[in-house]
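Student: Handing you a structure now.
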Amino acid sequence: MSKELEKIIHYKNMKKKNNCDVSYGQKGSWIYSEVVRDHFFNPRNLLLDETKYKFDSEGQIGSMACGDIMKIWIKVNSKTNKIIECKWRTFGCASAIASTSMLSLMVTEKGGMNINKAMKIKPEQIVERLGGLPDRKFHCSVLGQEALCVAIKKYLNKQK
């Protein structure tokens, strides 16, 4: 049996046993990819105190009712329209934290991503960069992308 198939079967069995988000399976295996684990335990571009951060725009999505709230702050180079900084804070599960952390890297790497290109990021791209997410956690990548789009739209409205 392939390792990938073993992971899928393991995840389905764990889902039946409990509804934990962070759980260890047999032999101490983590149900998420190592990339998700790394971004969960070592989040990139996390902003804890927004009062001391100068930003060009912000976006927030989610609600306490669903359990995930994501807020993103961006700085944009007005000459190139590239996102040069992307800070965030997320209230949510491991998948939500890892998704937002990865998104912040995606839009700032290689000198920053053009805001038009950033608006077109698909949640599947975030999940791919994370090495996958359980199906029931896919919405975490959607929320991060939506919060980024809110921040970009607010930025563009300010520029008009």
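Here, A, B, ... name the chains of the structure tokens in the order displayed, residue numbers run from 1 inside each chain, and ligands are numbered from 1 in the same displayed order.
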If DSSP is run on the backbone, what residues of stretch 20-154 of chain A are strand (DSSP E or B)? A reply as a PDB file with N, CA and C atoms, in the first residue's frame would be ideal.
Tutor:
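Now in out-v4.pdb:
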ATOM      1  N   TYR A  24      -2.222  13.112  16.520  1.00  0.00           N
ATOM      2  CA  TYR A  24      -1.160  12.219  16.111  1.00  0.00           C
ATOM      3  C   TYR A  24      -1.746  10.834  15.924  1.00  0.00           C
ATOM      4  N   TRP A  30       1.889  12.836  12.045  1.00  0.00           N
ATOM      5  CA  TRP A  30       1.110  14.070  12.007  1.00  0.00           C
ATOM      6  C   TRP A  30       0.151  13.954  10.834  1.00  0.00           C
ATOM      7  N   LEU A  46       3.489  36.939  10.992  1.00  0.00           N
ATOM      8  CA  LEU A  46       2.425  37.103  11.981  1.00  0.00           C
ATOM      9  C   LEU A  46       2.531  38.493  12.611  1.00  0.00           C
ATOM     10  N   SER A  57      -3.357  48.976   3.689  1.00  0.00           N
ATOM     11  CA  SER A  57      -4.728  48.489   3.681  1.00  0.00           C
ATOM     12  C   SER A  57      -4.842  47.240   4.547  1.00  0.00           C
ATOM     13  N   GLU A  58      -6.082  46.918   4.898  1.00  0.00           N
ATOM     14  CA  GLU A  58      -6.346  45.730   5.697  1.00  0.00           C
ATOM     15  C   GLU A  58      -7.635  45.071   5.223  1.00  0.00           C
ATOM     16  N   GLY A  59      -7.722  43.794   5.475  1.00  0.00           N
ATOM     17  CA  GLY A  59      -8.930  43.048   5.133  1.00  0.00           C
ATOM     18  C   GLY A  59      -9.185  41.987   6.173  1.00  0.00           C
ATOM     19  N   GLN A  60     -10.464  41.792   6.473  1.00  0.00           N
ATOM     20  CA  GLN A  60     -10.833  40.777   7.458  1.00  0.00           C
ATOM     21  C   GLN A  60     -11.996  39.964   6.924  1.00  0.00           C
ATOM     22  N   ILE A  61     -11.979  38.678   7.214  1.00  0.00           N
ATOM     23  CA  ILE A  61     -13.049  37.782   6.778  1.00  0.00           C
ATOM     24  C   ILE A  61     -13.248  36.727   7.863  1.00  0.00           C
ATOM     25  N   GLY A  62     -14.444  36.178   7.909  1.00  0.00           N
ATOM     26  CA  GLY A  62     -14.760  35.124   8.861  1.00  0.00           C
ATOM     27  C   GLY A  62     -15.627  35.640   9.986  1.00  0.00           C
ATOM     28  N   SER A  63     -15.959  34.756  10.901  1.00  0.00           N
ATOM     29  CA  SER A  63     -16.778  35.133  12.045  1.00  0.00           C
ATOM     30  C   SER A  63     -16.526  34.160  13.182  1.00  0.00           C
ATOM     31  N   ASP A  68     -13.354  30.711  12.527  1.00  0.00           N
ATOM     32  CA  ASP A  68     -12.129  31.214  11.905  1.00  0.00           C
ATOM     33  C   ASP A  68     -12.295  32.685  11.556  1.00  0.00           C
ATOM     34  N   ILE A  69     -11.350  33.501  11.997  1.00  0.00           N
ATOM     35  CA  ILE A  69     -11.313  34.917  11.618  1.00  0.00           C
ATOM     36  C   ILE A  69      -9.903  35.199  11.128  1.00  0.00           C
ATOM     37  N   MET A  70      -9.801  35.792   9.941  1.00  0.00           N
ATOM     38  CA  MET A  70      -8.497  36.112   9.375  1.00  0.00           C
ATOM     39  C   MET A  70      -8.445  37.590   9.060  1.00  0.00           C
ATOM     40  N   LYS A  71      -7.382  38.208   9.512  1.00  0.00           N
ATOM     41  CA  LYS A  71      -7.163  39.617   9.224  1.00  0.00           C
ATOM     42  C   LYS A  71      -5.799  39.744   8.574  1.00  0.00           C
ATOM     43  N   ILE A  72      -5.750  40.515   7.498  1.00  0.00           N
ATOM     44  CA  ILE A  72      -4.519  40.710   6.732  1.00  0.00           C
ATOM     45  C   ILE A  72      -4.256  42.191   6.558  1.00  0.00           C
ATOM     46  N   TRP A  73      -2.997  42.577   6.745  1.00  0.00           N
ATOM     47  CA  TRP A  73      -2.548  43.947   6.508  1.00  0.00           C
ATOM     48  C   TRP A  73      -1.511  43.895   5.392  1.00  0.00           C
ATOM     49  N   ILE A  74      -1.598  44.825   4.461  1.00  0.00           N
ATOM     50  CA  ILE A  74      -0.623  44.846   3.369  1.00  0.00           C
ATOM     51  C   ILE A  74       0.021  46.216   3.217  1.00  0.00           C
ATOM     52  N   LYS A  75       1.265  46.186   2.735  1.00  0.00           N
ATOM     53  CA  LYS A  75       1.971  47.379   2.273  1.00  0.00           C
ATOM     54  C   LYS A  75       2.221  47.165   0.793  1.00  0.00           C
ATOM     55  N   VAL A  76       1.942  48.195   0.020  1.00  0.00           N
ATOM     56  CA  VAL A  76       2.064  48.099  -1.432  1.00  0.00           C
ATOM     57  C   VAL A  76       3.018  49.165  -1.928  1.00  0.00           C
ATOM     58  N   ASN A  77       3.930  48.784  -2.824  1.00  0.00           N
ATOM     59  CA  ASN A  77       4.784  49.752  -3.498  1.00  0.00           C
ATOM     60  C   ASN A  77       3.908  50.428  -4.539  1.00  0.00           C
ATOM     61  N   LYS A  82       3.163  46.325  -6.329  1.00  0.00           N
ATOM     62  CA  LYS A  82       3.506  45.017  -5.764  1.00  0.00           C
ATOM     63  C   LYS A  82       3.322  45.047  -4.247  1.00  0.00           C
ATOM     64  N   ILE A  83       2.837  43.932  -3.726  1.00  0.00           N
ATOM     65  CA  ILE A  83       2.694  43.782  -2.279  1.00  0.00           C
ATOM     66  C   ILE A  83       4.088  43.499  -1.713  1.00  0.00           C
ATOM     67  N   ILE A  84       4.595  44.441  -0.937  1.00  0.00           N
ATOM     68  CA  ILE A  84       5.951  44.280  -0.410  1.00  0.00           C
ATOM     69  C   ILE A  84       5.941  43.719   1.012  1.00  0.00           C
ATOM     70  N   GLU A  85       4.811  43.848   1.704  1.00  0.00           N
ATOM     71  CA  GLU A  85       4.654  43.241   3.025  1.00  0.00           C
ATOM     72  C   GLU A  85       3.228  42.750   3.164  1.00  0.00           C
ATOM     73  N   CYS A  86       3.086  41.617   3.814  1.00  0.00           N
ATOM     74  CA  CYS A  86       1.773  41.054   4.110  1.00  0.00           C
ATOM     75  C   CYS A  86       1.841  40.466   5.510  1.00  0.00           C
ATOM     76  N   LYS A  87       1.191  41.128   6.420  1.00  0.00           N
ATOM     77  CA  LYS A  87       1.138  40.671   7.813  1.00  0.00           C
ATOM     78  C   LYS A  87      -0.273  40.150   8.076  1.00  0.00           C
ATOM     79  N   TRP A  88      -0.417  39.328   9.077  1.00  0.00           N
ATOM     80  CA  TRP A  88      -1.717  38.721   9.331  1.00  0.00           C
ATOM     81  C   TRP A  88      -1.863  38.297  10.790  1.00  0.00           C
ATOM     82  N   ARG A  89      -3.099  38.042  11.147  1.00  0.00           N
ATOM     83  CA  ARG A  89      -3.427  37.441  12.441  1.00  0.00           C
ATOM     84  C   ARG A  89      -4.672  36.588  12.203  1.00  0.00           C
ATOM     85  N   THR A  90      -4.646  35.372  12.677  1.00  0.00           N
ATOM     86  CA  THR A  90      -5.738  34.431  12.459  1.00  0.00           C
ATOM     87  C   THR A  90      -6.187  33.824  13.768  1.00  0.00           C
ATOM     88  N   PHE A  91      -7.488  33.778  13.954  1.00  0.00           N
ATOM     89  CA  PHE A  91      -8.067  33.023  15.046  1.00  0.00           C
ATOM     90  C   PHE A  91      -8.676  31.788  14.404  1.00  0.00           C
ATOM     91  N   MET A 113       4.344  40.417  -5.089  1.00  0.00           N
ATOM     92  CA  MET A 113       3.444  40.050  -6.165  1.00  0.00           C
ATOM     93  C   MET A 113       2.586  41.254  -6.553  1.00  0.00           C
ATOM     94  N   ASN A 114       2.383  41.441  -7.843  1.00  0.00           N
ATOM     95  CA  ASN A 114       1.505  42.488  -8.335  1.00  0.00           C
ATOM     96  C   ASN A 114       0.102  42.273  -7.763  1.00  0.00           C
TER      97      ASN A 114
END
Student: If you run DSSP on the backbone, which residues of chain A are alpha helix (DSSP H), as number ranges by chain?
Tutor: A: 3-17, 34-41, 94-108, 115-119, 123-130, 139-159
Student: Okay, now the selection with C-alpha atoms, as a JSON list (two decimals), in the first residue's frame?
Tutor:
[["chain", "number", "residue", "atom", "x", "y", "z"],
["A", 3, "LYS", "CA", 2.20, 5.96, 1.82],
["A", 4, "GLU", "CA", -0.34, 8.38, 0.36],
["A", 5, "LEU", "CA", -3.11, 5.78, 0.56],
["A", 6, "GLU", "CA", -2.06, 4.93, 4.12],
["A", 7, "LYS", "CA", -2.39, 8.61, 5.04],
["A", 8, "ILE", "CA", -5.87, 8.84, 3.52],
["A", 9, "ILE", "CA", -7.06, 5.70, 5.32],
["A", 10, "HIS", "CA", -5.43, 6.88, 8.55],
["A", 11, "TYR", "CA", -7.13, 10.29, 8.28],
["A", 12, "LYS", "CA", -10.56, 8.73, 7.60],
["A", 13, "ASN", "CA", -10.16, 6.41, 10.58],
["A", 14, "MET", "CA", -9.17, 9.31, 12.82],
["A", 15, "LYS", "CA", -12.17, 11.30, 11.65],
["A", 16, "LYS", "CA", -14.42, 8.48, 12.83],
["A", 17, "LYS", "CA", -12.71, 8.32, 16.23],
["A", 34, "GLU", "CA", 5.33, 18.79, 7.17],
["A", 35, "VAL", "CA", 4.87, 22.19, 5.49],
["A", 36, "VAL", "CA", 1.57, 22.72, 7.34],
["A", 37, "ARG", "CA", 3.22, 21.64, 10.56],
["A", 38, "ASP", "CA", 6.10, 24.07, 10.02],
["A", 39, "HIS", "CA", 3.80, 27.02, 9.27],
["A", 40, "PHE", "CA", 1.57, 26.17, 12.23],
["A", 41, "PHE", "CA", 4.41, 25.99, 14.75],
["A", 94, "ALA", "CA", -3.84, 24.69, 12.43],
["A", 95, "SER", "CA", -5.01, 24.72, 8.81],
["A", 96, "ALA", "CA", -6.18, 28.33, 9.07],
["A", 97, "ILE", "CA", -2.91, 29.49, 10.61],
["A", 98, "ALA", "CA", -0.76, 27.58, 8.12],
["A", 99, "SER", "CA", -2.85, 28.76, 5.14],
["A", 100, "THR", "CA", -2.55, 32.41, 6.08],
["A", 101, "SER", "CA", 1.15, 32.08, 6.83],
["A", 102, "MET", "CA", 1.77, 30.48, 3.42],
["A", 103, "LEU", "CA", -0.35, 33.08, 1.64],
["A", 104, "SER", "CA", 1.71, 35.86, 3.22],
["A", 105, "LEU", "CA", 4.86, 34.28, 1.79],
["A", 106, "MET", "CA", 3.36, 33.71, -1.63],
["A", 107, "VAL", "CA", 2.46, 37.37, -2.14],
["A", 108, "THR", "CA", 5.75, 38.79, -0.85],
["A", 115, "ILE", "CA", -1.87, 43.23, -6.72],
["A", 116, "ASN", "CA", -3.76, 42.14, -9.85],
["A", 117, "LYS", "CA", -2.02, 38.77, -9.80],
["A", 118, "ALA", "CA", -2.55, 38.47, -6.05],
["A", 119, "MET", "CA", -6.30, 38.96, -6.54],
["A", 123, "PRO", "CA", -7.17, 28.57, -2.74],
["A", 124, "GLU", "CA", -5.94, 25.44, -4.53],
["A", 125, "GLN", "CA", -2.57, 27.17, -5.04],
["A", 126, "ILE", "CA", -2.26, 27.78, -1.30],
["A", 127, "VAL", "CA", -3.20, 24.17, -0.54],
["A", 128, "GLU", "CA", -0.69, 22.93, -3.12],
["A", 129, "ARG", "CA", 2.12, 24.99, -1.57],
["A", 130, "LEU", "CA", 1.16, 23.56, 1.83],
["A", 139, "HIS", "CA", -12.18, 26.42, 3.52],
["A", 140, "CYS", "CA", -9.21, 27.75, 5.52],
["A", 141, "SER", "CA", -7.33, 28.52, 2.32],
["A", 142, "VAL", "CA", -10.45, 30.20, 0.90],
["A", 143, "LEU", "CA", -10.77, 32.52, 3.91],
["A", 144, "GLY", "CA", -7.16, 33.70, 3.64],
["A", 145, "GLN", "CA", -7.52, 34.44, -0.05],
["A", 146, "GLU", "CA", -10.78, 36.32, 0.59],
["A", 147, "ALA", "CA", -9.21, 38.45, 3.34],
["A", 148, "LEU", "CA", -6.37, 39.36, 0.98],
["A", 149, "CYS", "CA", -8.86, 40.36, -1.73],
["A", 150, "VAL", "CA", -10.72, 42.59, 0.74],
["A", 151, "ALA", "CA", -7.43, 44.32, 1.64],
["A", 152, "ILE", "CA", -6.50, 44.82, -2.03],
["A", 153, "LYS", "CA", -9.95, 46.18, -2.95],
["A", 154, "LYS", "CA", -9.76, 48.66, -0.07],
["A", 155, "TYR", "CA", -6.29, 49.69, -1.23],
["A", 156, "LEU", "CA", -7.50, 50.23, -4.80],
["A", 157, "ASN", "CA", -10.49, 52.28, -3.59],
["A", 158, "LYS", "CA", -8.14, 54.53, -1.60],
["A", 159, "GLN", "CA", -6.03, 55.11, -4.73]]
